[in-house]
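Quick notes on the structure that follows.
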Amino acid sequence: MANADIFQIRTEEAPKLAAPISTSGVIGWMRQNLFSSIGNTVLTVIGILIAYSLIMPFIQFAIIDAVWTGDDRTACLAVEGAGHAGACWAYVIDYLPQFIYGRYPTEEIYRVNIVYALFVLLLVPLLMPSAPYKGINALLFLVVFPIISYFLLTGLEFGDTVVLPIVETARWGGLLVTLVIAVTGIVASLPLGIALALGRRSNMPIIKMVSVIFIEFWRGVPLITVLFMSSVMLPLFLPEGVTFDKLLRVLIGVTLFSAAYMAEVVRGGLQAIPKGQYEGAMALGLRFWQMMGLIILPQALKLVIPGIVNTFIGLFKDTTLVLIVGMFDLLGQIQSSFSDPNWSTPTQGHTGYLFAAIVFFIFCFGMSRYSIFMENKLHTGHKR
Amino acid sequence: MSIQEQDSAGAPARASLLNDPKARGLFYQATLIIALVAFGWFIVSNTVENLERQNIASGFGFLQNTAGFGIIQALVDYTETSSYGQAILVGFFNTLLVAVIGIFLATIIGFVVGIARLSNNWVISRLAYCYVELIRNVPLLLQIFFWYFAVLRAVPGKRDKWSFLFDTFHLNIAGLRGPQPIFEEGSGIIGWALVLAIVLAFAVARWSRKRQEATGQQFPVFLTGLGLIIGLPLIAYLIAGMPMHFNYPEFVETGPMLRRGFTLGSGFNLIPEFLALTLALSIYTAAFIAEIVRAGIQAVSHGQSEAAHALGLRNGPTLRLVIIPQAMRVIIPPLTSQYLNLTKNSSLAVAIAFPDLVSVGGTVLNQTGQAIEIIGIWMFVYLTLSLLTSAFMNWYNQRMALVER
Amino acid sequence: MSNKILPLVLGTAMGVAASAANATTLEDVKAKGFVQCGVSQGLPGFSNPDAQGNWTGLDVDLCRGVAAAVFGDASAVKFTPLSAKERFTALQSGEIDILSRNTTWTMSRDTQLGLNFAGVNYYDGQGFMVRKDLGVTSALEMSGASVCTNTGTTTELNVADYFRANNMPYEIVAFEKADEVVAAYDAGRCDVYTTDASGLYAQRLKLTNPADHMVLPEIISKEPLGPVVRQGDDEWFNIAKWTLNAMINAEEMGVTSANVDDMKGSDNPSIKRLLGVEGAFGEAIGLGNDWAYNVIKGVGNYGESFDANVGPDTPLGIARGVNALWSNGGFLYAPPVR
């Protein structure tokens, strides 16, 4: 105690030293995440090698060696003489209108553009959780929009007075057909799917059985057989002289098919609603449809928005199958353009498929991001 | 309570039939049945009328007629003189082959990618993430075209080859060739030995589990099983006097151009259509399986692995004995539907000339015009496969489900 | 009758065409104002759409001819692209009025499907295309070859018969769509591409280097291609049949789309009858007497159509060969208008 003066009492905190350089910053991060052990280091090296060997040829093909301008195949062949053949984007640019509109008459293309614009205008606020007037918006999108676009796309003629010249569906193609099939499939399958989901949970044995058989049947068979059925078998089901437009036949097939998947998604939502909600609704004296329409479905559907979006992504990708039954969706249109001798080069096929892949990826990835965003938003209440 | 009793006692006659839920239920169901029957009758009568008018025969009699077209890959005996029924059978087995091999590969890739997705290594987990997002968001048909048409151009032509694994396997545009085992007289014993080995392996596994439960002693089940399954047939093969030889691929390098390359029918050959389809299907499905695996592993609470570590288990056993068994419960139901999807998606074979059920069926449909029968066969087969797979998975799921004590 | 009401009610909604079952095809066509014609999904020279969606080709010209005969307007026609699988169902169900899609006339199709072939507008046969560097000069040297073709056509059966008859092993790769066959053949998957010889010439244009490939001389089958209509409507059958005959007769008489107006003043009685100056042959098939004049004015005679679409001056470069007039050593021989 005598030599108390040798004790030093610190009155202020010691200055904080930066963490050792090996555990912080870029190096620290790398040490922790990339090179924490020998095994990990090996993995990192292998991973980088894989990534490099995949990405470099891609960049080489799609960007460095690519040809962006040109009027016909000679532009893309010239590069071939120099050694490497890159993507022939000039061909995609030349064919872009056909990829977007198919063989829709040039002077009527504005109609397709109006439909595209309306689609975006109505869909974007519908997807934004914060945008007001959801009810009106949904009504416009699900009921009014399909009717307007139907007349815009197919045309409107009363006898001899032509309001909008009729464009037969054989001339539709490209992204237009892809979107028409995917959007119609989802919009039309939603009510059918809800009905089936309710039917499957019904107490009435026959209704339940019919719903289960319907759902399991469509979920059990591949879409391609459904499409073959609608293109080959459906005409046999109809009375003599009655024919369906080819696109309509495909739409019917796709709608029935996706309704079954939609029913399962909606059923998941219905199951997630606590029993108390049903009991509360019944205690209030609501009838079945009032209970469903006012209490249960609004909650259940909100819950399954991610599921619906995922079903839509699946359907959007599956629309490519219609090319097998001879319709020209985006992929079909691209494939059919391969037969143009004007652009026939060794890289034409690769370029076309790459373009299709990029377009599909942008749409699907965007939608899946949205689905995740909604999922997070909806789950806020239950987060621990 | 009392009010209710009074009520039901005081109102002996139900208010009206209209408000009786039972009566209404019956009414709805009756309406549905009537509507369905009417719809069915409408379709059937139209179809019958149309078929009669167009002189199209109905029934499955055509299956006995001679097919007359060739099929590139057949697992069962098939020639041009075989019947349509046989052709469809060939297609069915090809579908099964793609489905089984596709499921096998997809499971392996899916589990590897799913676990890689959770890796601490940033590069690996990013790679896995990119794989999943890229593959999931591009249509399968496009991927099949990619594997078929893009990769087809990258491999050597028919008069050339890439050889690997000590020159036993060869790849070129005509497919992947390798030696084909040919079984001779007396080779049946090898098959029986294999069956016996599998039965024995199961018995050993059972016995060792019982012993472990009773005494805690472990037994190297996996190694023993492997030894049995490889060893017994090998012994049988030697005892029977090696009744088997290999049919090696024959590669001609001289002579007329057309004859050069591999001779047809020498060695076994996996045609490029099969390779492209199987590859595309398994890579596509694996992306979905990876997400399922990741979600399953994440669903196991972190405390489980901490507890396992606390008990002194190392990383390997923790994963194998604690995490995976629990994760499997979450994984299996969605895994089932992915397997089903793969099987159904194998029907896209029709786009690249692989003779699966839909593709061969389509050819038969064209030659005979029997649309209803062929589509009926398609739907029946796929529905049966779906139901069987889900039945098996349900059984497995029940076995794996939590046993609460 | 009552079971026809439901689809009619539904039909007002979208693209459903319901025609009264009793009306004849001609009445139907006149009522809707155009001919609905089933064509291929794109076969250069026969029926192929350009980037604007305008169809051209030999098969297309026949449909335009029928439209010209009925309406006097060769553009009063709409085209439905059909796959090989769908084509007969589309015609049977009334979705199209006439099928002009390089369809082979066979007995079973003529008699068992409720269809009638109205004639032959191209005599074809199945041929083989190979790479020149294979050094193959005859189809009989193709033992052990792998063969690419389309599924769902007679081609697949013919090739099986041919290889079997000549005792040559082969493997067949059969695709759903012609474009896929071309792509696979171009990539070197197969040694041989087989389809109708006309198709080989057409598809060769789609190859990366068309000059590296040759069509072998052997023709292994008879493939008479022609327009098809539904059985049981003789009036419409006659119109299709005689539109084709008029085009062939016009070539024989030297009537072309350029000189058809002058030819009206010709002294030749055959030409007078054909162009409706003399006689009332048009009325007999339910049309105006200037029906053939309209056909020739609208699409030209057979020779013009051939030359414009598939002839030696087109990229296909097919010689007239057996498709020349009988008087020039070919098979084309149309019954006289008399």
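Residues in the structure tokens are named by chain (A, B, ... in the order shown) and by number from 1 within that chain; ligands are numbered from 1 in the order shown.
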
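Residues from chain C found within 7 Å of chain B are Asn3, Lys85, Gln112, Leu113, Gly114, Leu134, Gly135, Gly144, Ala145, Thr151, Gly152, Glu156, Leu157, Ala160, Glu171, Ile172, Val173, Ala174, Phe175, Glu176, Ala187, Gly188 and Arg189 of chain C, counting only C-alpha atoms.
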
Considering only helix (DSSP H, G or I) as DSSP defines it on the backbone, what residues of segment 153-275 of chain B qualify? List them as an NGL selection string. :B and (153-154 or 188-215 or 221-239 or 257-259 or 272-275)

List every residue of chain A that has an atom at most 10 Å from any atom of chain C, and for each one report the closest atom pair and its distance in Å to one decimal, counting only C-alpha atoms, with rows sorted by chain and then by increasing residue number, as CSV.
```
residue,atom,partner,partner_atom,distance
A:Tyr95,CA,C:Ala51,CA,8.4
A:Pro97,CA,C:Ala51,CA,9.5
A:Gln98,CA,C:Ala51,CA,7.3
A:Gly102,CA,C:Gly53,CA,8.6
A:Arg103,CA,C:Gly53,CA,5.1
A:Tyr104,CA,C:Gly53,CA,7.6
A:Pro105,CA,C:Gln52,CA,6.9
A:Thr106,CA,C:Gln52,CA,7.5
A:Ile147,CA,C:Ala13,CA,9.7
A:Tyr150,CA,C:Met14,CA,8.2
A:Phe151,CA,C:Met14,CA,9.5
A:Thr154,CA,C:Gly15,CA,8.4
A:Glu168,CA,C:Lys78,CA,8.4
A:Thr169,CA,C:Gly15,CA,8.6
A:Ala170,CA,C:Thr80,CA,6.3
A:Arg171,CA,C:Gly53,CA,6.9
A:Trp172,CA,C:Gly53,CA,9.8
A:Phe228,CA,C:Glu86,CA,9.4
A:Ser231,CA,C:Glu86,CA,7.1
A:Val232,CA,C:Glu86,CA,6.2
A:Met233,CA,C:Thr89,CA,8.5
A:Leu234,CA,C:Thr89,CA,9.7
A:Pro235,CA,C:Ser93,CA,6.0
A:Leu236,CA,C:Ser93,CA,7.3
A:Phe237,CA,C:Ser93,CA,9.9
A:Leu238,CA,C:Pro7,CA,8.2
A:Pro239,CA,C:Lys4,CA,6.6
A:Glu240,CA,C:Ala21,CA,6.3
A:Gly241,CA,C:Ser19,CA,5.2
A:Val242,CA,C:Ala18,CA,4.3
A:Thr243,CA,C:Ala17,CA,5.4
A:Phe244,CA,C:Val16,CA,4.6
A:Asp245,CA,C:Gly15,CA,5.3
A:Lys246,CA,C:Gly15,CA,8.8
A:Leu247,CA,C:Gly15,CA,8.7
A:Leu248,CA,C:Gly15,CA,7.1
A:Arg249,CA,C:Val16,CA,9.6
A:Leu323,CA,C:Lys177,CA,9.6
A:Ile324,CA,C:Glu176,CA,7.6
A:Val325,CA,C:Ser83,CA,7.4
A:Gly326,CA,C:Ser83,CA,6.1
A:Met327,CA,C:Pro81,CA,8.7
A:Phe328,CA,C:Gln41,CA,9.8
A:Gln335,CA,C:Asp179,CA,7.7
A:Ser336,CA,C:Asp179,CA,7.3
A:Ser337,CA,C:Ala51,CA,8.8
A:Phe338,CA,C:Lys206,CA,7.8
A:Ser339,CA,C:Lys206,CA,5.2
A:Asp340,CA,C:Lys206,CA,6.8
A:Pro341,CA,C:Lys206,CA,5.6
A:Asn342,CA,C:Lys206,CA,9.4
A:Trp343,CA,C:Lys206,CA,9.7
A:Ser344,CA,C:Thr208,CA,6.1
A:Thr345,CA,C:Thr208,CA,6.0
A:Pro346,CA,C:Thr208,CA,6.6
A:Thr347,CA,C:Thr208,CA,10.0
A:Gln348,CA,C:Thr208,CA,9.8
A:Gly349,CA,C:Ala183,CA,8.7
```

Exercise for review: Would you kindly report the residues of chain B within 7 Å of chain A, using only C-alpha atoms, as a list of chain:residue names?
Suggested key: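 That gives B:Gly25, B:Gln29, B:Ile43, B:Asn46, B:Thr47, B:Asn50, B:Asn120, B:Asn121, B:Trp122, B:Val123, B:Ile124, B:Asn137, B:Val138, B:Pro139, B:Leu141, B:Ala150, B:Lys344, B:Asn345, B:Ser347, B:Ala351, B:Ala371, B:Ile372, B:Ile375, B:Met379, B:Tyr382, B:Leu383, B:Ser386 for chain B.
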
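Here atom CA of Thr24 of chain C stands at a distance of 9.4 Å from atom CA of Asp234 of chain C.
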
Strand (DSSP E or B) call set, DSSP backbone run, segment 137-275 of chain C, as a PyMOL selection string
chain C and resi 145-150+170-175+192-196+213-215+223-230

Export of prior selection with N, CA and C atoms as an mmCIF file, in the first residue's frame:
```cif
data_model
loop_
_atom_site.group_PDB
_atom_site.id
_atom_site.type_symbol
_atom_site.label_atom_id
_atom_site.label_comp_id
_atom_site.auth_asym_id
_atom_site.auth_seq_id
_atom_site.Cartn_x
_atom_site.Cartn_y
_atom_site.Cartn_z
ATOM 1 N N ALA C 145 -25.723 -45.944 -92.123
ATOM 2 C CA ALA C 145 -25.871 -44.499 -91.977
ATOM 3 C C ALA C 145 -26.876 -44.158 -90.884
ATOM 4 N N SER C 146 -26.724 -42.970 -90.316
ATOM 5 C CA SER C 146 -27.803 -42.470 -89.466
ATOM 6 C C SER C 146 -28.588 -41.453 -90.282
ATOM 7 N N VAL C 147 -29.917 -41.543 -90.161
ATOM 8 C CA VAL C 147 -30.811 -40.824 -91.053
ATOM 9 C C VAL C 147 -31.685 -39.882 -90.242
ATOM 10 N N CYS C 148 -31.693 -38.599 -90.600
ATOM 11 C CA CYS C 148 -32.586 -37.645 -89.947
ATOM 12 C C CYS C 148 -33.835 -37.455 -90.787
ATOM 13 N N THR C 149 -34.977 -37.418 -90.133
ATOM 14 C CA THR C 149 -36.206 -37.157 -90.875
ATOM 15 C C THR C 149 -37.278 -36.585 -89.951
ATOM 16 N N ASN C 150 -38.424 -36.291 -90.558
ATOM 17 C CA ASN C 150 -39.567 -35.794 -89.798
ATOM 18 C C ASN C 150 -40.407 -36.948 -89.319
ATOM 19 N N TYR C 170 -29.280 -49.272 -90.325
ATOM 20 C CA TYR C 170 -29.343 -47.810 -90.276
ATOM 21 C C TYR C 170 -29.878 -47.420 -88.915
ATOM 22 N N GLU C 171 -29.730 -46.151 -88.559
ATOM 23 C CA GLU C 171 -30.429 -45.674 -87.365
ATOM 24 C C GLU C 171 -31.183 -44.409 -87.728
ATOM 25 N N ILE C 172 -32.402 -44.282 -87.174
ATOM 26 C CA ILE C 172 -33.248 -43.164 -87.573
ATOM 27 C C ILE C 172 -33.414 -42.185 -86.428
ATOM 28 N N VAL C 173 -33.276 -40.911 -86.723
ATOM 29 C CA VAL C 173 -33.496 -39.855 -85.742
ATOM 30 C C VAL C 173 -34.672 -39.034 -86.268
ATOM 31 N N ALA C 174 -35.815 -39.172 -85.632
ATOM 32 C CA ALA C 174 -37.039 -38.576 -86.184
ATOM 33 C C ALA C 174 -37.493 -37.394 -85.341
ATOM 34 N N PHE C 175 -37.537 -36.221 -85.936
ATOM 35 C CA PHE C 175 -37.882 -34.993 -85.218
ATOM 36 C C PHE C 175 -39.320 -34.580 -85.483
ATOM 37 N N VAL C 192 -27.398 -38.542 -93.334
ATOM 38 C CA VAL C 192 -28.378 -38.429 -94.402
ATOM 39 C C VAL C 192 -29.597 -37.668 -93.905
ATOM 40 N N TYR C 193 -30.138 -36.840 -94.780
ATOM 41 C CA TYR C 193 -31.416 -36.196 -94.487
ATOM 42 C C TYR C 193 -32.379 -36.679 -95.542
ATOM 43 N N THR C 194 -33.494 -37.246 -95.121
ATOM 44 C CA THR C 194 -34.438 -37.716 -96.114
ATOM 45 C C THR C 194 -35.805 -37.095 -95.919
ATOM 46 N N THR C 195 -36.393 -36.670 -97.017
ATOM 47 C CA THR C 195 -37.774 -36.215 -97.048
ATOM 48 C C THR C 195 -38.126 -36.127 -98.530
ATOM 49 N N ASP C 196 -39.291 -35.562 -98.849
ATOM 50 C CA ASP C 196 -39.634 -35.414 -100.261
ATOM 51 C C ASP C 196 -38.544 -34.594 -100.952
ATOM 52 N N HIS C 213 -23.691 -29.727 -99.832
ATOM 53 C CA HIS C 213 -24.592 -30.870 -99.738
ATOM 54 C C HIS C 213 -25.175 -31.193 -101.107
ATOM 55 N N MET C 214 -25.462 -32.475 -101.315
ATOM 56 C CA MET C 214 -26.046 -32.853 -102.596
ATOM 57 C C MET C 214 -27.228 -33.787 -102.398
ATOM 58 N N VAL C 215 -28.150 -33.748 -103.348
ATOM 59 C CA VAL C 215 -29.297 -34.635 -103.308
ATOM 60 C C VAL C 215 -28.970 -35.832 -104.194
ATOM 61 N N GLU C 223 -44.682 -39.723 -104.353
ATOM 62 C CA GLU C 223 -45.343 -38.784 -103.453
ATOM 63 C C GLU C 223 -46.109 -37.748 -104.271
ATOM 64 N N PRO C 224 -47.270 -38.117 -104.740
ATOM 65 C CA PRO C 224 -48.065 -37.107 -105.452
ATOM 66 C C PRO C 224 -48.677 -36.147 -104.443
ATOM 67 N N LEU C 225 -48.284 -34.880 -104.503
ATOM 68 C CA LEU C 225 -48.781 -33.902 -103.537
ATOM 69 C C LEU C 225 -49.943 -33.129 -104.152
ATOM 70 N N GLY C 226 -50.958 -32.906 -103.349
ATOM 71 C CA GLY C 226 -52.089 -32.183 -103.914
ATOM 72 C C GLY C 226 -52.985 -31.575 -102.870
ATOM 73 N N PRO C 227 -53.917 -30.733 -103.314
ATOM 74 C CA PRO C 227 -54.869 -30.106 -102.403
ATOM 75 C C PRO C 227 -55.936 -31.109 -101.945
ATOM 76 N N VAL C 228 -56.407 -30.923 -100.720
ATOM 77 C CA VAL C 228 -57.372 -31.846 -100.139
ATOM 78 C C VAL C 228 -58.602 -31.080 -99.669
ATOM 79 N N VAL C 229 -59.775 -31.682 -99.893
ATOM 80 C CA VAL C 229 -61.004 -31.094 -99.343
ATOM 81 C C VAL C 229 -61.778 -32.182 -98.607
ATOM 82 N N ARG C 230 -62.835 -31.757 -97.921
ATOM 83 C CA ARG C 230 -63.657 -32.727 -97.209
ATOM 84 C C ARG C 230 -64.470 -33.560 -98.183
#
```

Between atom CA of Phe93 of chain B and atom CA of Ala197 of chain B lies a distance of 26.4 Å

| said: Excluding Val180 of chain A and its own-chain neighbours fewer than 2 positions away, which residues fall within 12 Å of it when counting only C-alpha atoms? Please give them as a VMD selection string. | reply: chain A and resid 101 112 115 to 116 119 146 149 to 150 153 to 154 169 172 to 178 182 to 188 247 to 248 250 to 251 254 to 255 315 to 316 319 328 to 330

Restricting it to N, CA and C atoms, dump the selection as a short mmCIF file (atom, residue, chain, number, x, y, z; two decimals), in the first residue's frame.
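So out_18.cif came out as:
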```cif
data_model
loop_
_atom_site.label_atom_id
_atom_site.label_comp_id
_atom_site.auth_asym_id
_atom_site.auth_seq_id
_atom_site.Cartn_x
_atom_site.Cartn_y
_atom_site.Cartn_z
N TYR A 101 -43.84 -8.87 -81.71
CA TYR A 101 -45.22 -8.83 -82.19
C TYR A 101 -45.61 -10.01 -83.06
N VAL A 112 -51.24 -3.46 -80.37
CA VAL A 112 -50.50 -4.30 -79.42
C VAL A 112 -49.78 -3.42 -78.40
N VAL A 115 -52.08 -2.33 -75.73
CA VAL A 115 -52.31 -3.41 -74.78
C VAL A 115 -51.13 -3.56 -73.82
N TYR A 116 -49.91 -3.55 -74.38
CA TYR A 116 -48.73 -3.63 -73.53
C TYR A 116 -48.73 -2.48 -72.50
N PHE A 119 -51.34 -2.88 -69.87
CA PHE A 119 -50.93 -3.98 -69.00
C PHE A 119 -49.97 -3.48 -67.92
N PRO A 146 -58.93 -7.49 -69.74
CA PRO A 146 -59.01 -8.58 -70.71
C PRO A 146 -60.00 -8.30 -71.84
N SER A 149 -58.47 -5.65 -74.18
CA SER A 149 -57.36 -6.16 -74.99
C SER A 149 -57.84 -7.20 -75.97
N TYR A 150 -58.90 -7.94 -75.60
CA TYR A 150 -59.42 -8.91 -76.55
C TYR A 150 -59.83 -8.21 -77.84
N LEU A 153 -56.80 -6.64 -79.72
CA LEU A 153 -55.91 -7.57 -80.40
C LEU A 153 -56.57 -8.28 -81.56
N THR A 154 -57.82 -8.75 -81.35
CA THR A 154 -58.44 -9.50 -82.44
C THR A 154 -59.13 -8.58 -83.44
N THR A 169 -55.54 -14.90 -85.36
CA THR A 169 -54.52 -15.24 -84.36
C THR A 169 -53.32 -15.95 -84.99
N TRP A 172 -50.48 -13.70 -84.88
CA TRP A 172 -49.87 -13.29 -83.63
C TRP A 172 -48.61 -14.12 -83.41
N GLY A 173 -47.73 -13.60 -82.63
CA GLY A 173 -46.54 -14.41 -82.36
C GLY A 173 -45.60 -13.72 -81.39
N GLY A 174 -44.50 -14.37 -81.14
CA GLY A 174 -43.46 -13.81 -80.30
C GLY A 174 -43.92 -13.58 -78.87
N LEU A 175 -43.38 -12.53 -78.27
CA LEU A 175 -43.69 -12.20 -76.89
C LEU A 175 -45.19 -12.00 -76.68
N LEU A 176 -45.87 -11.49 -77.71
CA LEU A 176 -47.32 -11.27 -77.60
C LEU A 176 -48.03 -12.57 -77.23
N VAL A 177 -47.73 -13.65 -77.96
CA VAL A 177 -48.38 -14.93 -77.68
C VAL A 177 -47.96 -15.45 -76.31
N THR A 178 -46.69 -15.33 -76.00
CA THR A 178 -46.21 -15.78 -74.69
C THR A 178 -47.00 -15.10 -73.58
N ALA A 182 -49.75 -16.75 -71.01
CA ALA A 182 -49.43 -16.77 -69.58
C ALA A 182 -50.44 -15.96 -68.78
N VAL A 183 -50.75 -14.74 -69.24
CA VAL A 183 -51.65 -13.88 -68.46
C VAL A 183 -53.07 -14.43 -68.47
N THR A 184 -53.56 -14.84 -69.65
CA THR A 184 -54.90 -15.41 -69.70
C THR A 184 -54.96 -16.66 -68.83
N GLY A 185 -53.92 -17.48 -68.94
CA GLY A 185 -53.90 -18.70 -68.15
C GLY A 185 -54.06 -18.41 -66.67
N ILE A 186 -53.33 -17.42 -66.18
CA ILE A 186 -53.39 -17.12 -64.75
C ILE A 186 -54.71 -16.46 -64.38
N VAL A 187 -55.10 -15.44 -65.15
CA VAL A 187 -56.32 -14.70 -64.80
C VAL A 187 -57.53 -15.62 -64.85
N ALA A 188 -57.58 -16.48 -65.87
CA ALA A 188 -58.75 -17.35 -65.99
C ALA A 188 -58.70 -18.50 -65.00
N LEU A 247 -55.48 -20.79 -81.02
CA LEU A 247 -54.98 -20.15 -79.81
C LEU A 247 -55.95 -20.39 -78.67
N LEU A 248 -57.25 -20.30 -78.97
CA LEU A 248 -58.26 -20.49 -77.92
C LEU A 248 -58.18 -21.91 -77.37
N VAL A 250 -55.57 -23.81 -77.21
CA VAL A 250 -54.40 -23.87 -76.33
C VAL A 250 -54.71 -23.20 -75.00
N LEU A 251 -55.41 -22.05 -75.07
CA LEU A 251 -55.74 -21.32 -73.85
C LEU A 251 -56.61 -22.16 -72.92
N VAL A 254 -54.36 -24.76 -71.31
CA VAL A 254 -53.45 -24.16 -70.32
C VAL A 254 -54.22 -23.73 -69.07
N THR A 255 -55.42 -23.18 -69.27
CA THR A 255 -56.21 -22.71 -68.13
C THR A 255 -56.60 -23.87 -67.22
N LEU A 315 -45.87 -21.09 -65.25
CA LEU A 315 -46.69 -21.05 -66.46
C LEU A 315 -46.00 -20.26 -67.57
N PHE A 316 -45.37 -19.17 -67.16
CA PHE A 316 -44.67 -18.32 -68.13
C PHE A 316 -43.59 -19.12 -68.84
N THR A 319 -45.06 -21.77 -71.26
CA THR A 319 -45.68 -21.36 -72.53
C THR A 319 -44.80 -21.75 -73.71
N PHE A 328 -46.45 -19.99 -82.47
CA PHE A 328 -45.22 -19.22 -82.43
C PHE A 328 -45.19 -18.32 -81.20
N ASP A 329 -44.74 -18.85 -80.10
CA ASP A 329 -44.48 -18.01 -78.95
C ASP A 329 -43.10 -17.42 -79.13
N LEU A 330 -42.56 -16.77 -78.11
CA LEU A 330 -41.26 -16.13 -78.28
C LEU A 330 -40.21 -17.12 -78.79
#
```
